[in-house]
Amino acid sequence: MGPTASGKTDLAIELCDKLGCEIISVDSALIYKGMDIGTAKPSIEEQQKAPHQLIDILDPAQSYSVAEFRRDALEAMDKITSRGNIPLLVGGTMMYYKALIDGLSPLPESDRNVRAKLEKQAKEQGWRALHAWLKDLDPQSAARIHPNDPQRLIRALEVYLLTNRTMTDLLGIKTLPIPYDIKQFCIAPSDRKVLHQRIASRFNMMMTSGFREEVEKLRARGDLHLDLPSVRCVGYRQMWQHLDGEFTVQEMQEKAIAATRQLAKRQLTWLRGWENIHSLDTFGKDNLNKVKTLGNIQP
């Protein structure tokens, strides 16, 4: 695990080479075909050294749920272990890790019609009226969700309307946890400023490698838009808005780098509260041996 631009891929490839691992990507952006530069997808050469599973599995017009990731990751892990190798999960989508390790609650998929009705009701009655309704139905969820948080408020009400059960009830039900002995590592620079420098440097490299042209090609398809999860990925959203004329090139770059820093901050916040995790420094000279020793891995 680790924040964006922390050196996860380089260490993962080394682990595959030395310790008999096979990589499963844990990244909600790398799943999309044709989105290579802006996602810092491992290069063809890197993938030849160490093939990555769960990369390039979806068209950008499609969506991919946490439940689908968990299903696909467990299937890949089963195949890897049956070959006598070690599944090595690599990426920074922390919600995917949590669902994989702890299991998922049986929450329903989102329903556009239900959400549209709730949004219409909110416009007519106000968000506080919807919050009061939620308080009657599910006091615990209402206590957690602020009246000015429409996304979470709608989701809690949507769950009730689709299942006739509260979100609190359903969150108490979990699928079985991961059926493996797991060792968890986080890699990051010890100095946050260094991480920021790496983020800026990587984005500038993306720009010189054809990131603008990549997004122009996606826009030219005509079926993609800013409301899709793929286009909302960090960097893509800002470039898309620049191509729409909302930002200058400089503004786009500044906003994209700032958004990437915010992503890294969120990832680090997740990791600070993570249990049973071993920390590695991006520039550590002995990371390979630390993983081997702490993970009790036999090559």
# chains A, B, ... in the order shown; residues from 1 in each chain; ligands from 1
>>> closest_atom_pairs(of="range 119-225 of chain A", to="range 251-268 of chain A", cutoff="12 Å", atoms="only C-alpha atoms", output="tab-separated table")
residue	atom	partner	partner_atom	distance
A:Cys186	CA	A:Leu268	CA	9.4
A:Ile187	CA	A:Leu268	CA	10.3
A:Ala188	CA	A:Leu268	CA	8.9
A:Pro189	CA	A:Leu268	CA	11.2
A:Ser190	CA	A:Leu268	CA	11.7
A:Arg192	CA	A:Lys265	CA	9.4
A:Lys193	CA	A:Arg261	CA	10.4
A:Val194	CA	A:Arg261	CA	11.5
A:Leu195	CA	A:Arg261	CA	8.5
A:His196	CA	A:Arg261	CA	6.6
A:Gln197	CA	A:Arg261	CA	9.9
A:Arg198	CA	A:Arg261	CA	10.1
A:Ile199	CA	A:Ile257	CA	6.8
A:Ala200	CA	A:Ile257	CA	5.9
A:Ser201	CA	A:Ile257	CA	9.4
A:Arg202	CA	A:Ile257	CA	9.4
A:Phe203	CA	A:Ile257	CA	7.0
A:Asn204	CA	A:Gln253	CA	8.2
A:Met205	CA	A:Gln253	CA	11.6
A:Met206	CA	A:Gln253	CA	10.7
A:Met207	CA	A:Gln253	CA	9.0
A:Phe211	CA	A:Gln253	CA	11.4
A:Arg212	CA	A:Met252	CA	10.9
>>> residues_around(residues="Ile277 in chain A", least_positions_apart="4", cutoff="10 Å", atoms="only C-alpha atoms", output="CSV table (one decimal) with N, CA, C and O atoms, in the first residue's frame")
chain,number,residue,atom,x,y,z
A,1,MET,N,0.8,-1.2,0.0
A,1,MET,CA,0.0,0.0,0.0
A,1,MET,C,0.9,1.2,0.0
A,1,MET,O,2.1,1.1,0.2
A,183,LYS,N,0.1,-10.2,5.1
A,183,LYS,CA,1.2,-9.3,5.6
A,183,LYS,C,1.0,-8.0,4.9
A,183,LYS,O,0.9,-8.0,3.6
A,184,GLN,N,1.0,-6.9,5.6
A,184,GLN,CA,0.7,-5.6,5.1
A,184,GLN,C,1.8,-4.6,5.2
A,184,GLN,O,2.4,-4.5,6.3
A,185,PHE,N,2.2,-4.0,4.1
A,185,PHE,CA,3.3,-3.0,4.1
A,185,PHE,C,2.8,-1.7,3.5
A,185,PHE,O,2.0,-1.7,2.5
A,186,CYS,N,3.4,-0.6,4.0
A,186,CYS,CA,3.1,0.7,3.4
A,186,CYS,C,4.4,1.3,3.1
A,186,CYS,O,5.4,1.4,3.9
A,271,LEU,N,-4.0,5.2,6.0
A,271,LEU,CA,-2.9,4.3,6.5
A,271,LEU,C,-2.5,4.5,7.9
A,271,LEU,O,-2.0,3.6,8.6
A,272,ARG,N,-2.7,5.8,8.4
A,272,ARG,CA,-2.3,6.1,9.8
A,272,ARG,C,-3.1,5.3,10.8
A,272,ARG,O,-2.7,5.0,11.8
A,273,GLY,N,-4.4,5.0,10.4
A,273,GLY,CA,-5.2,4.2,11.3
A,273,GLY,C,-5.3,2.8,11.0
A,273,GLY,O,-6.1,2.0,11.6
>>> select_by_dssp(residues="range 26-246 of chain A", states="alpha helix (DSSP H)", output="MDAnalysis selection string")
chainID A and resid 44:49 66:82 94:102 112:125 127:137 139:144 150:163 167:171 192:208 211:220 236:243
>>> residues_around(residues="range 34-46 of chain A", least_positions_apart="5", cutoff="9 Å", atoms="only C-alpha atoms", output="list in words")
Ala5, Thr9, Asp10, Ile13, Ala29, Pro51, His52, Ile55, Asp56, Asp59, Pro60, Arg202, Phe203, Met206, Met207, Ser209, Gly210, Phe211, Glu214, Val215, Lys217, Leu218, Ser230, Cys233, Val234, Gly235 and Tyr236 of chain A
>>> write_last_selection(atoms="C-alpha atoms", output="PDB file, in the first residue's frame")
ATOM      1  CA  ALA A   5       3.969   8.430  -6.396  1.00  0.00           C
ATOM      2  CA  THR A   9       5.410  -0.302  -8.601  1.00  0.00           C
ATOM      3  CA  ASP A  10       9.212  -0.366  -8.493  1.00  0.00           C
ATOM      4  CA  ILE A  13       8.444  -5.570  -9.629  1.00  0.00           C
ATOM      5  CA  ALA A  29      -7.954   4.027 -12.212  1.00  0.00           C
ATOM      6  CA  PRO A  51       2.424  -9.000 -15.334  1.00  0.00           C
ATOM      7  CA  HIS A  52      -0.305  -7.105 -13.463  1.00  0.00           C
ATOM      8  CA  ILE A  55      -5.316  -3.748 -15.225  1.00  0.00           C
ATOM      9  CA  ASP A  56      -7.062  -2.796 -18.498  1.00  0.00           C
ATOM     10  CA  ASP A  59     -13.827   0.461 -20.959  1.00  0.00           C
ATOM     11  CA  PRO A  60     -13.879   4.014 -19.515  1.00  0.00           C
ATOM     12  CA  ARG A 202       5.493  12.892 -12.258  1.00  0.00           C
ATOM     13  CA  PHE A 203       2.680  15.088 -13.522  1.00  0.00           C
ATOM     14  CA  MET A 206       2.966  12.944 -17.936  1.00  0.00           C
ATOM     15  CA  MET A 207       2.496  16.233 -19.766  1.00  0.00           C
ATOM     16  CA  SER A 209       4.607  12.062 -22.513  1.00  0.00           C
ATOM     17  CA  GLY A 210       1.331  12.952 -24.260  1.00  0.00           C
ATOM     18  CA  PHE A 211      -1.248  13.217 -21.482  1.00  0.00           C
ATOM     19  CA  GLU A 214      -4.571  10.890 -24.392  1.00  0.00           C
ATOM     20  CA  VAL A 215      -7.482  12.891 -22.955  1.00  0.00           C
ATOM     21  CA  LYS A 217      -8.622  10.935 -27.759  1.00  0.00           C
ATOM     22  CA  LEU A 218     -11.004   9.972 -24.956  1.00  0.00           C
ATOM     23  CA  SER A 230     -13.148   7.196 -15.172  1.00  0.00           C
ATOM     24  CA  CYS A 233      -9.932  10.305 -11.920  1.00  0.00           C
ATOM     25  CA  VAL A 234      -7.333  12.774 -10.644  1.00  0.00           C
ATOM     26  CA  GLY A 235      -5.699  14.613 -13.531  1.00  0.00           C
ATOM     27  CA  TYR A 236      -8.236  13.530 -16.135  1.00  0.00           C
TER      28      TYR A 236
END
>>> select_by_dssp(residues="range 33-215 of chain A", states="strand (DSSP E)", output="list in words")
His52, Gln53, Ile86, Pro87, Leu88, Leu89, Val90, Gln184, Phe185, Cys186, Ile187 and Ala188 of chain A
>>> closest_atom_pairs(of="range 54-93 of chain A", to="range 102-112 of chain A", cutoff="10 Å", atoms="only C-alpha atoms", output="JSON lines")
{"residue": "A:Ser65", "atom": "CA", "partner": "A:Glu109", "partner_atom": "CA", "distance": 8.7}
{"residue": "A:Val66", "atom": "CA", "partner": "A:Leu104", "partner_atom": "CA", "distance": 8.6}
{"residue": "A:Ala67", "atom": "CA", "partner": "A:Leu104", "partner_atom": "CA", "distance": 7.2}
{"residue": "A:Arg70", "atom": "CA", "partner": "A:Gly103", "partner_atom": "CA", "distance": 8.4}
>>> closest_residue(among="A:Thr208, A:Pro177, A:Asp191, A:Glu22", to="Thr282 in chain A", atoms="only C-alpha atoms")
A:Asp191
>>> residues_around(residues="Leu89 in chain A", least_positions_apart="4", cutoff="7 Å", atoms="only C-alpha atoms", output="list in words")
Ile23, Ile24, Ser25 and Val26 of chain A
>>> write_last_selection(atoms="all heavy atoms", output="PDB file, in the first residue's frame")
ATOM      1  N   ILE A  23       1.551  -9.992  -9.263  1.00  0.00           N
ATOM      2  CA  ILE A  23       0.906  -8.733  -8.877  1.00  0.00           C
ATOM      3  C   ILE A  23      -0.579  -8.707  -9.244  1.00  0.00           C
ATOM      4  O   ILE A  23      -0.979  -9.061 -10.350  1.00  0.00           O
ATOM      5  CB  ILE A  23       1.611  -7.544  -9.540  1.00  0.00           C
ATOM      6  CG1 ILE A  23       3.039  -7.405  -9.012  1.00  0.00           C
ATOM      7  CG2 ILE A  23       0.842  -6.238  -9.294  1.00  0.00           C
ATOM      8  CD1 ILE A  23       3.857  -6.332  -9.707  1.00  0.00           C
ATOM      9  N   ILE A  24      -1.378  -8.260  -8.282  1.00  0.00           N
ATOM     10  CA  ILE A  24      -2.779  -7.911  -8.513  1.00  0.00           C
ATOM     11  C   ILE A  24      -2.903  -6.417  -8.223  1.00  0.00           C
ATOM     12  O   ILE A  24      -2.595  -5.959  -7.130  1.00  0.00           O
ATOM     13  CB  ILE A  24      -3.723  -8.699  -7.584  1.00  0.00           C
ATOM     14  CG1 ILE A  24      -3.573 -10.206  -7.814  1.00  0.00           C
ATOM     15  CG2 ILE A  24      -5.177  -8.269  -7.806  1.00  0.00           C
ATOM     16  CD1 ILE A  24      -4.313 -11.049  -6.784  1.00  0.00           C
ATOM     17  N   SER A  25      -3.353  -5.652  -9.194  1.00  0.00           N
ATOM     18  CA  SER A  25      -3.486  -4.210  -9.022  1.00  0.00           C
ATOM     19  C   SER A  25      -4.668  -3.877  -8.122  1.00  0.00           C
ATOM     20  O   SER A  25      -5.760  -4.429  -8.273  1.00  0.00           O
ATOM     21  CB  SER A  25      -3.669  -3.535 -10.383  1.00  0.00           C
ATOM     22  OG  SER A  25      -3.990  -2.167 -10.228  1.00  0.00           O
ATOM     23  N   VAL A  26      -4.438  -2.963  -7.194  1.00  0.00           N
ATOM     24  CA  VAL A  26      -5.499  -2.465  -6.306  1.00  0.00           C
ATOM     25  C   VAL A  26      -5.606  -0.966  -6.564  1.00  0.00           C
ATOM     26  O   VAL A  26      -5.241  -0.132  -5.740  1.00  0.00           O
ATOM     27  CB  VAL A  26      -5.175  -2.767  -4.828  1.00  0.00           C
ATOM     28  CG1 VAL A  26      -6.366  -2.399  -3.936  1.00  0.00           C
ATOM     29  CG2 VAL A  26      -4.811  -4.235  -4.642  1.00  0.00           C
TER      30      VAL A  26
END
>>> closest_atom_pairs(of="range 215-280 of chain A", to="range 286-289 of chain A", cutoff="12 Å", atoms="only C-alpha atoms", output="JSON lines")
{"residue": "A:His278", "atom": "CA", "partner": "A:Asn287", "partner_atom": "CA", "distance": 10.7}
{"residue": "A:Ser279", "atom": "CA", "partner": "A:Asn287", "partner_atom": "CA", "distance": 9.6}
{"residue": "A:Leu280", "atom": "CA", "partner": "A:Asn287", "partner_atom": "CA", "distance": 6.4}
>>> write_last_selection(atoms="N, CA, C and O atoms", output="PDB file, in the first residue's frame")
ATOM      1  N   HIS A 278       3.364  -2.728   8.309  1.00  0.00           N
ATOM      2  CA  HIS A 278       4.796  -2.449   8.424  1.00  0.00           C
ATOM      3  C   HIS A 278       5.148  -1.293   7.484  1.00  0.00           C
ATOM      4  O   HIS A 278       4.760  -1.302   6.315  1.00  0.00           O
ATOM      5  N   SER A 279       5.890  -0.328   7.986  1.00  0.00           N
ATOM      6  CA  SER A 279       6.239   0.858   7.197  1.00  0.00           C
ATOM      7  C   SER A 279       7.591   0.685   6.517  1.00  0.00           C
ATOM      8  O   SER A 279       8.545   0.185   7.114  1.00  0.00           O
ATOM      9  N   LEU A 280       7.651   1.124   5.266  1.00  0.00           N
ATOM     10  CA  LEU A 280       8.885   1.120   4.478  1.00  0.00           C
ATOM     11  C   LEU A 280       9.115   2.519   3.947  1.00  0.00           C
ATOM     12  O   LEU A 280       8.161   3.234   3.636  1.00  0.00           O
TER      13      LEU A 280
END
>>> closest_residue(among="A:Asp223, A:Asp27, A:Glu75, A:Asp138", to="Gly2 in chain A", atoms="only C-alpha atoms")
A:Asp27
>>> closest_residue(among="A:Ala142, A:Leu243, A:Leu294, A:Ile101", to="Glu275 in chain A", atoms="only C-alpha atoms")
A:Ile101
